[in-house]
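Shown below: coords.pdb, with PDB, C-alpha atoms.
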```pdb
ATOM      1  CA  MET A   1      53.689 -72.096 233.395  1.00  0.00           C
ATOM      2  CA  ARG A   2      51.475 -70.835 236.209  1.00  0.00           C
ATOM      3  CA  GLY A   3      51.093 -67.067 236.191  1.00  0.00           C
ATOM      4  CA  ALA A   4      52.563 -66.621 232.727  1.00  0.00           C
ATOM      5  CA  LEU A   5      50.845 -64.298 230.316  1.00  0.00           C
ATOM      6  CA  PRO A   6      50.688 -64.756 226.567  1.00  0.00           C
ATOM      7  CA  PRO A   7      53.308 -62.805 224.601  1.00  0.00           C
ATOM      8  CA  GLY A   8      52.408 -59.126 224.449  1.00  0.00           C
ATOM      9  CA  GLU A   9      50.144 -59.340 227.504  1.00  0.00           C
ATOM     10  CA  ASP A  10      52.731 -59.153 230.272  1.00  0.00           C
ATOM     11  CA  ARG A  11      52.251 -55.456 231.068  1.00  0.00           C
ATOM     12  CA  ASN A  12      50.999 -54.579 234.512  1.00  0.00           C
ATOM     13  CA  VAL A  13      51.564 -51.643 236.797  1.00  0.00           C
ATOM     14  CA  PHE A  14      52.280 -52.029 240.509  1.00  0.00           C
ATOM     15  CA  GLY A  15      51.211 -55.670 240.324  1.00  0.00           C
ATOM     16  CA  LEU A  16      47.602 -54.866 239.535  1.00  0.00           C
ATOM     17  CA  THR A  17      46.069 -56.110 236.340  1.00  0.00           C
ATOM     18  CA  SER A  18      42.566 -55.425 235.117  1.00  0.00           C
ATOM     19  CA  TYR A  19      40.674 -58.451 233.915  1.00  0.00           C
ATOM     20  CA  LEU A  20      37.184 -59.783 233.298  1.00  0.00           C
ATOM     21  CA  LYS A  21      37.586 -63.418 234.333  1.00  0.00           C
ATOM     22  CA  TRP A  22      40.054 -65.178 236.596  1.00  0.00           C
ATOM     23  CA  LEU A  23      41.510 -68.305 235.025  1.00  0.00           C
ATOM     24  CA  TYR A  24      42.232 -71.002 237.590  1.00  0.00           C
ATOM     25  CA  LEU A  25      45.589 -71.997 236.107  1.00  0.00           C
ATOM     26  CA  GLY A  26      47.157 -68.582 236.444  1.00  0.00           C
ATOM     27  CA  TYR A  27      46.819 -64.887 236.864  1.00  0.00           C
ATOM     28  CA  MET A  28      45.898 -64.042 233.325  1.00  0.00           C
ATOM     29  CA  SER A  29      43.958 -61.124 231.962  1.00  0.00           C
ATOM     30  CA  THR A  30      41.175 -61.881 229.541  1.00  0.00           C
ATOM     31  CA  GLN A  31      41.143 -58.245 228.468  1.00  0.00           C
ATOM     32  CA  LYS A  32      43.381 -56.952 225.728  1.00  0.00           C
ATOM     33  CA  PRO A  33      46.316 -54.870 227.002  1.00  0.00           C
ATOM     34  CA  LYS A  34      44.660 -51.666 225.771  1.00  0.00           C
ATOM     35  CA  ASP A  35      41.595 -52.355 227.980  1.00  0.00           C
ATOM     36  CA  ARG A  36      43.539 -52.859 231.212  1.00  0.00           C
ATOM     37  CA  LEU A  37      43.414 -50.300 233.981  1.00  0.00           C
ATOM     38  CA  GLU A  38      46.763 -48.866 235.041  1.00  0.00           C
ATOM     39  CA  LEU A  39      47.059 -47.579 238.583  1.00  0.00           C
ATOM     40  CA  LEU A  40      49.017 -44.733 240.067  1.00  0.00           C
ATOM     41  CA  GLN A  41      51.909 -45.362 242.421  1.00  0.00           C
ATOM     42  CA  GLY A  42      50.723 -46.030 245.965  1.00  0.00           C
ATOM     43  CA  THR A  43      47.296 -47.270 244.916  1.00  0.00           C
ATOM     44  CA  LEU A  44      47.917 -50.845 246.045  1.00  0.00           C
ATOM     45  CA  ASP A  45      48.899 -49.637 249.529  1.00  0.00           C
ATOM     46  CA  LEU A  46      45.687 -47.607 249.736  1.00  0.00           C
ATOM     47  CA  LEU A  47      43.564 -50.563 248.593  1.00  0.00           C
ATOM     48  CA  ILE A  48      45.173 -52.866 251.165  1.00  0.00           C
ATOM     49  CA  LEU A  49      44.701 -50.375 254.007  1.00  0.00           C
ATOM     50  CA  ARG A  50      41.064 -49.831 253.013  1.00  0.00           C
ATOM     51  CA  THR A  51      40.422 -53.572 252.847  1.00  0.00           C
ATOM     52  CA  LEU A  52      41.808 -54.063 256.358  1.00  0.00           C
ATOM     53  CA  ILE A  53      39.416 -51.467 257.817  1.00  0.00           C
ATOM     54  CA  PHE A  54      36.885 -54.315 257.957  1.00  0.00           C
ATOM     55  CA  GLY A  55      39.097 -56.478 260.161  1.00  0.00           C
ATOM     56  CA  PRO A  56      42.077 -58.832 260.063  1.00  0.00           C
ATOM     57  CA  GLN A  57      42.643 -60.706 256.833  1.00  0.00           C
ATOM     58  CA  HIS A  58      45.277 -62.963 255.301  1.00  0.00           C
ATOM     59  CA  GLY A  59      46.949 -62.153 251.978  1.00  0.00           C
ATOM     60  CA  GLN A  60      44.665 -64.279 249.804  1.00  0.00           C
ATOM     61  CA  GLY A  61      41.638 -62.766 251.536  1.00  0.00           C
ATOM     62  CA  ILE A  62      42.901 -59.247 250.834  1.00  0.00           C
ATOM     63  CA  ALA A  63      43.437 -60.048 247.148  1.00  0.00           C
ATOM     64  CA  HIS A  64      39.986 -61.658 246.929  1.00  0.00           C
ATOM     65  CA  ALA A  65      38.292 -58.702 248.650  1.00  0.00           C
ATOM     66  CA  ILE A  66      39.897 -56.217 246.232  1.00  0.00           C
ATOM     67  CA  ARG A  67      38.881 -58.366 243.269  1.00  0.00           C
ATOM     68  CA  GLN A  68      35.325 -58.717 244.542  1.00  0.00           C
ATOM     69  CA  THR A  69      34.920 -55.057 245.532  1.00  0.00           C
ATOM     70  CA  THR A  70      36.097 -53.885 242.099  1.00  0.00           C
ATOM     71  CA  PHE A  71      33.674 -56.239 240.318  1.00  0.00           C
ATOM     72  CA  ASP A  72      36.559 -58.274 238.909  1.00  0.00           C
ATOM     73  CA  GLU A  73      38.329 -55.247 237.427  1.00  0.00           C
ATOM     74  CA  LEU A  74      41.500 -55.560 239.544  1.00  0.00           C
ATOM     75  CA  LEU A  75      43.600 -58.621 240.183  1.00  0.00           C
ATOM     76  CA  VAL A  76      46.310 -58.232 242.800  1.00  0.00           C
ATOM     77  CA  GLU A  77      49.178 -60.490 241.851  1.00  0.00           C
ATOM     78  CA  HIS A  78      51.182 -62.269 244.546  1.00  0.00           C
ATOM     79  CA  GLY A  79      54.395 -60.699 243.276  1.00  0.00           C
ATOM     80  CA  ALA A  80      53.054 -57.283 244.238  1.00  0.00           C
ATOM     81  CA  LEU A  81      50.813 -58.122 247.206  1.00  0.00           C
ATOM     82  CA  TYR A  82      53.335 -59.649 249.573  1.00  0.00           C
ATOM     83  CA  PRO A  83      56.059 -57.008 249.087  1.00  0.00           C
ATOM     84  CA  ALA A  84      53.371 -54.351 249.663  1.00  0.00           C
ATOM     85  CA  LEU A  85      52.229 -56.074 252.856  1.00  0.00           C
ATOM     86  CA  GLN A  86      55.846 -56.244 254.038  1.00  0.00           C
ATOM     87  CA  ARG A  87      56.355 -52.547 253.217  1.00  0.00           C
ATOM     88  CA  LEU A  88      53.180 -51.548 255.090  1.00  0.00           C
ATOM     89  CA  GLU A  89      54.241 -53.634 258.081  1.00  0.00           C
ATOM     90  CA  GLU A  90      57.706 -52.021 258.099  1.00  0.00           C
ATOM     91  CA  ARG A  91      56.058 -48.580 258.109  1.00  0.00           C
ATOM     92  CA  GLY A  92      53.934 -49.592 261.097  1.00  0.00           C
ATOM     93  CA  TRP A  93      50.639 -49.199 259.211  1.00  0.00           C
ATOM     94  CA  ILE A  94      49.699 -52.863 259.568  1.00  0.00           C
ATOM     95  CA  SER A  95      50.680 -55.627 261.957  1.00  0.00           C
ATOM     96  CA  ALA A  96      50.783 -59.349 261.279  1.00  0.00           C
ATOM     97  CA  LYS A  97      50.441 -62.518 263.292  1.00  0.00           C
ATOM     98  CA  TRP A  98      50.170 -66.170 262.419  1.00  0.00           C
ATOM     99  CA  GLY A  99      46.798 -67.864 262.542  1.00  0.00           C
ATOM    100  CA  THR A 100      44.708 -70.523 260.853  1.00  0.00           C
ATOM    101  CA  SER A 101      42.641 -69.758 257.759  1.00  0.00           C
ATOM    102  CA  THR A 102      39.122 -71.031 257.117  1.00  0.00           C
ATOM    103  CA  ASN A 103      40.562 -73.937 255.112  1.00  0.00           C
ATOM    104  CA  ASN A 104      42.656 -74.908 258.154  1.00  0.00           C
ATOM    105  CA  ARG A 105      45.996 -73.684 256.786  1.00  0.00           C
ATOM    106  CA  LYS A 106      48.600 -71.627 258.566  1.00  0.00           C
ATOM    107  CA  ALA A 107      48.506 -68.023 257.325  1.00  0.00           C
ATOM    108  CA  ARG A 108      49.651 -64.564 258.360  1.00  0.00           C
ATOM    109  CA  PHE A 109      46.733 -62.326 259.276  1.00  0.00           C
ATOM    110  CA  TYR A 110      47.189 -58.595 258.793  1.00  0.00           C
ATOM    111  CA  THR A 111      45.544 -55.920 260.932  1.00  0.00           C
ATOM    112  CA  LEU A 112      45.325 -52.182 260.451  1.00  0.00           C
ATOM    113  CA  THR A 113      47.193 -50.278 263.196  1.00  0.00           C
ATOM    114  CA  PRO A 114      46.192 -46.848 264.576  1.00  0.00           C
ATOM    115  CA  ALA A 115      48.995 -45.329 262.456  1.00  0.00           C
ATOM    116  CA  GLY A 116      47.594 -47.211 259.461  1.00  0.00           C
ATOM    117  CA  ARG A 117      44.123 -45.747 260.082  1.00  0.00           C
ATOM    118  CA  LYS A 118      45.631 -42.265 260.105  1.00  0.00           C
ATOM    119  CA  GLN A 119      47.504 -42.987 256.893  1.00  0.00           C
ATOM    120  CA  LEU A 120      44.342 -44.362 255.302  1.00  0.00           C
ATOM    121  CA  VAL A 121      42.462 -41.144 256.079  1.00  0.00           C
ATOM    122  CA  MET A 122      45.276 -38.992 254.664  1.00  0.00           C
ATOM    123  CA  GLU A 123      45.698 -41.086 251.510  1.00  0.00           C
ATOM    124  CA  THR A 124      41.941 -41.328 250.916  1.00  0.00           C
ATOM    125  CA  THR A 125      41.639 -37.545 251.158  1.00  0.00           C
ATOM    126  CA  LYS A 126      44.502 -37.065 248.684  1.00  0.00           C
ATOM    127  CA  TRP A 127      43.058 -39.678 246.313  1.00  0.00           C
ATOM    128  CA  ARG A 128      39.609 -38.043 246.332  1.00  0.00           C
ATOM    129  CA  ARG A 129      41.153 -34.596 245.697  1.00  0.00           C
ATOM    130  CA  LEU A 130      43.150 -36.013 242.784  1.00  0.00           C
ATOM    131  CA  ALA A 131      40.114 -37.813 241.305  1.00  0.00           C
ATOM    132  CA  ALA A 132      37.985 -34.657 241.609  1.00  0.00           C
ATOM    133  CA  ALA A 133      40.675 -32.527 239.941  1.00  0.00           C
ATOM    134  CA  ILE A 134      41.048 -34.983 237.074  1.00  0.00           C
ATOM    135  CA  GLY A 135      37.260 -35.143 236.759  1.00  0.00           C
ATOM    136  CA  ARG A 136      37.125 -31.373 236.384  1.00  0.00           C
ATOM    137  CA  VAL A 137      39.708 -31.461 233.608  1.00  0.00           C
ATOM    138  CA  LEU A 138      37.935 -34.302 231.786  1.00  0.00           C
ATOM    139  CA  GLY A 139      34.586 -32.516 232.061  1.00  0.00           C
ATOM    140  CA  PRO A 140      31.200 -34.159 231.667  1.00  0.00           C
ATOM    141  CA  ASP A 141      30.904 -37.740 230.514  1.00  0.00           C
ATOM    142  CA  ALA A 142      30.805 -38.018 226.733  1.00  0.00           C
ATOM    143  CA  SER A 143      27.356 -39.598 226.999  1.00  0.00           C
ATOM    144  CA  GLU A 144      26.116 -36.473 228.840  1.00  0.00           C
ATOM    145  CA  GLY A 145      26.529 -34.363 225.779  1.00  0.00           C
TER     146      GLY A 145
END
```
What does the file become when written as structure tokens?
Amino acid sequence: MRGALPPGEDRNVFGLTSYLKWLYLGYMSTQKPKDRLELLQGTLDLLILRTLIFGPQHGQGIAHAIRQTTFDELLVEHGALYPALQRLEERGWISAKWGTSTNNRKARFYTLTPAGRKQLVMETTKWRRLAAAIGRVLGPDASEG
């Protein structure tokens, strides 16, 4: 079945799964469950908003950009991406209109709105504060001594 994970490997958080390779026949992680990255609530929204700063994009393009930018660490699953896009559109942070993709298919293209840019700045600031605070608690990298 397309998108099915082997038994014991069906855990993901907010529709994002860490993986090393993307298998064509489905959205499967080649990492063991213990090696997957788990994301905090709201992270997918932030990643989508940040991706759209570079211009309009359709859903598949957004997922691909996140995968590529994270060096294949994050896979955005369709079951999480499209509800997130709908939620962001309802909040007025993105807008959508129908267009034609590069492979000549009809697709919805999403654009960051002025309200979405404001939200992106606020969420990025909060995320960086959180990451810095956690970094201070964790201390120096173990390899640093």
| query | Contacts of A:Gln57 at 8 Å or less, counting all atoms listed in the file, minus same-chain residues fewer than 5 places along, as a PyMOL selection string? | reply | chain A and resi 52+62+109-111
| note | Nearest to A:His78, restricted to only C-alpha atoms and choosing among A:Thr100, A:Thr51, A:Ser95, A:Leu44, comes out as A:Leu44
| said: Just checking: using all atoms listed in the file, which residue out of A:Leu81, A:Arg129, A:Ile94, A:Lys118 ends up closest to A:Pro56? | reply: A:Ile94
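Separating atom CA of A:Gly55 from atom CA of A:Arg67 is a distance of 17.0 Å.
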| Residue nearest A:Arg108 among A:Thr125, A:Pro140, A:Ala96, A:Leu75 (counting all atoms listed in the file) |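 Residue with the minimum atom-to-atom distance to A:Arg108: A:Ala96.
Taking all atoms listed in the file into account, A:His64 lies nearest to A:Leu47 out of the set A:Glu89, A:Leu47, A:Gln119, A:Gln41.
Using only C-alpha atoms, the protein and nucleic acid residues lying at most 10 Å from the point (46.9, -42.3, 252.7) are Gly42, Thr43, Asp45, Leu46, Leu47, Leu49, Arg50, Gly116, Arg117, Lys118, Gln119, Leu120, Val121, Met122, Glu123, Thr124, Thr125, Lys126 and Trp127 of chain A.
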| request: Figure out the distance between atom CA of A:Leu74 and atom CA of A:Leu88, please, to one decimal in Å. | output: 19.9 Å
| query | Residues at most 10 Å from A:Gly92, counting only C-alpha atoms, excluding those fewer than 6 positions away in the same chain, as a list in words? | reply |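 Residues near the query, excluding close chain neighbours: Gln86, Leu112, Thr113, Pro114, Ala115 and Gly116 of chain A.
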| From A:Trp93, A:Ile53, A:Ile48, A:Ser101, residue lying nearest A:Ala80 [only C-alpha atoms] |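 Of A:Trp93, A:Ile53, A:Ile48, A:Ser101, the one nearest A:Ala80 is A:Ile48, counting only C-alpha atoms.
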| To one decimal place, how far is atom CA of A:Gly99 from atom CA of A:Val76 in Å? | 22.0 Å
